[in-house]
Amino acid sequence: MHTFSRTANNPNLNDLKSENNLWVNPKVARILGLKTGQSVWLRNQDKIVSTFSIKVRVTERIRWDSVYMVHGFGHDNKKLTRAFGKGINDTQMISKVAVDLLWEAQECEATLLKF
């Protein structure tokens, strides 16, 4: 629906999808006491905390040992009046990065998150 983060402020697309959700497996949600629609902040293994909160979506469509969120949200520019503060910027949470020497492509290592 959105093209990376470039269309998050587009009024028509924003009406269809205004923020990302954090997909959480029901088993994990039950253990942590999370409910669909509940807002949470995330913290990674390097203690970086998300700037904004994200709403939980409890779903069987994600493994118990993983979470998922759509890329392109969590903008902190107040001029983006429709997109400002909506969801989490997933790239903000990635602090372990390496470069593949053969292809010179960026690799994102596993990021551990806490609610």
# chains A, B, ... in the order shown; residues from 1 in each chain; ligands from 1
call {"tool": "residues_around", "arguments": {"residues": "range 17-19 of chain A", "least_positions_apart": "4", "cutoff": "7 Å", "atoms": "only C-alpha atoms", "output": "JSON, numbers by chain"}}
result
{"A": [13, 73, 86, 87]}
call {"tool": "closest_atom_pairs", "arguments": {"of": "range 15-66 of chain A", "to": "range 95-98 of chain A", "cutoff": "10 Å", "atoms": "only C-alpha atoms", "output": "JSON lines"}}
result
{"residue": "A:Asn44", "atom": "CA", "partner": "A:Ser95", "partner_atom": "CA", "distance": 8.1}
{"residue": "A:Gln45", "atom": "CA", "partner": "A:Ser95", "partner_atom": "CA", "distance": 8.6}
{"residue": "A:Asp46", "atom": "CA", "partner": "A:Ser95", "partner_atom": "CA", "distance": 7.2}
{"residue": "A:Lys47", "atom": "CA", "partner": "A:Ser95", "partner_atom": "CA", "distance": 9.7}
{"residue": "A:Ile48", "atom": "CA", "partner": "A:Ser95", "partner_atom": "CA", "distance": 8.2}
call {"tool": "residues_around", "arguments": {"residues": "Val56 in chain A", "least_positions_apart": "3", "cutoff": "6 Å", "atoms": "only C-alpha atoms", "output": "PDB file with all heavy atoms, in the first residue's frame"}}
result
ATOM      1  N   ASN A  21       1.411  -1.863  12.898  1.00  0.00           N
ATOM      2  CA  ASN A  21       1.080  -2.616  14.100  1.00  0.00           C
ATOM      3  C   ASN A  21       2.191  -3.620  14.367  1.00  0.00           C
ATOM      4  O   ASN A  21       2.896  -4.025  13.456  1.00  0.00           O
ATOM      5  CB  ASN A  21      -0.232  -3.388  13.926  1.00  0.00           C
ATOM      6  CG  ASN A  21      -1.400  -2.477  13.680  1.00  0.00           C
ATOM      7  OD1 ASN A  21      -1.707  -2.169  12.542  1.00  0.00           O
ATOM      8  ND2 ASN A  21      -2.042  -2.032  14.722  1.00  0.00           N
ATOM      9  N   LEU A  22       2.321  -4.028  15.610  1.00  0.00           N
ATOM     10  CA  LEU A  22       3.301  -5.038  15.991  1.00  0.00           C
ATOM     11  C   LEU A  22       2.583  -6.371  16.105  1.00  0.00           C
ATOM     12  O   LEU A  22       1.730  -6.550  16.971  1.00  0.00           O
ATOM     13  CB  LEU A  22       3.952  -4.673  17.335  1.00  0.00           C
ATOM     14  CG  LEU A  22       5.071  -5.599  17.776  1.00  0.00           C
ATOM     15  CD1 LEU A  22       6.314  -5.368  16.914  1.00  0.00           C
ATOM     16  CD2 LEU A  22       5.391  -5.370  19.248  1.00  0.00           C
ATOM     17  N   THR A  36      -4.776  -7.073  21.741  1.00  0.00           N
ATOM     18  CA  THR A  36      -4.869  -6.368  20.470  1.00  0.00           C
ATOM     19  C   THR A  36      -5.338  -4.931  20.717  1.00  0.00           C
ATOM     20  O   THR A  36      -6.274  -4.700  21.477  1.00  0.00           O
ATOM     21  CB  THR A  36      -5.843  -7.086  19.519  1.00  0.00           C
ATOM     22  OG1 THR A  36      -5.277  -8.358  19.165  1.00  0.00           O
ATOM     23  CG2 THR A  36      -6.081  -6.288  18.247  1.00  0.00           C
ATOM     24  N   GLY A  37      -4.641  -3.980  20.097  1.00  0.00           N
ATOM     25  CA  GLY A  37      -4.966  -2.570  20.241  1.00  0.00           C
ATOM     26  C   GLY A  37      -4.204  -1.868  21.360  1.00  0.00           C
ATOM     27  O   GLY A  37      -4.203  -0.642  21.427  1.00  0.00           O
ATOM     28  N   GLN A  38      -3.548  -2.630  22.223  1.00  0.00           N
ATOM     29  CA  GLN A  38      -2.756  -2.054  23.319  1.00  0.00           C
ATOM     30  C   GLN A  38      -1.500  -1.398  22.753  1.00  0.00           C
ATOM     31  O   GLN A  38      -0.836  -1.940  21.890  1.00  0.00           O
ATOM     32  CB  GLN A  38      -2.378  -3.163  24.296  1.00  0.00           C
ATOM     33  CG  GLN A  38      -1.541  -2.713  25.456  1.00  0.00           C
ATOM     34  CD  GLN A  38      -1.187  -3.872  26.382  1.00  0.00           C
ATOM     35  OE1 GLN A  38      -1.713  -4.976  26.258  1.00  0.00           O
ATOM     36  NE2 GLN A  38      -0.285  -3.619  27.302  1.00  0.00           N
TER      37      GLN A  38
END
call {"tool": "closest_residue", "arguments": {"among": "A:Glu104, A:Met93, A:Asp15, A:Val28", "to": "Glu60 in chain A", "atoms": "only C-alpha atoms"}}
result
A:Val28
call {"tool": "closest_residue", "arguments": {"among": "A:Leu16, A:Val24, A:Ile88, A:Val99", "to": "Asp76 in chain A", "atoms": "only C-alpha atoms"}}
result
A:Ile88
call {"tool": "closest_residue", "arguments": {"among": "A:Lys27, A:Thr91, A:Asn14, A:Asn20", "to": "Ser53 in chain A", "atoms": "only C-alpha atoms"}}
result
A:Asn20
call {"tool": "atom_distance", "arguments": {"atom1": "CA of Lys78 in chain A", "atom2": "CA of Ile54 in chain A"}}
result
17.8 Å
call {"tool": "closest_residue", "arguments": {"among": "A:Met69, A:Val49, A:Leu80, A:Val40", "to": "Trp23 in chain A", "atoms": "only C-alpha atoms"}}
result
A:Met69
call {"tool": "select_by_dssp", "arguments": {"residues": "chain A", "states": "helix (DSSP H, G or I)", "output": "list in words"}}
result
Pro11, Asn12, Leu13, Asn14, Asp15, Leu16, Pro26, Lys27, Val28, Ala29, Arg30, Ile31, Leu32, Asp90, Thr91, Gln92 and Met93 of chain A
call {"tool": "select_by_dssp", "arguments": {"residues": "range 37-87 of chain A", "states": "strand (DSSP E or B)", "output": "ChimeraX atom specification"}}
result
/A:39-40,43-44,49,54-58,68,75,84
call {"tool": "closest_residue", "arguments": {"among": "A:Ser66, A:Lys35, A:Pro26, A:Asn89", "to": "Phe52 in chain A", "atoms": "only C-alpha atoms"}}
result
A:Asn89
call {"tool": "closest_residue", "arguments": {"among": "A:Asn25, A:Asn77, A:Thr7, A:Asn12", "to": "Trp64 in chain A", "atoms": "only C-alpha atoms"}}
result
A:Asn25
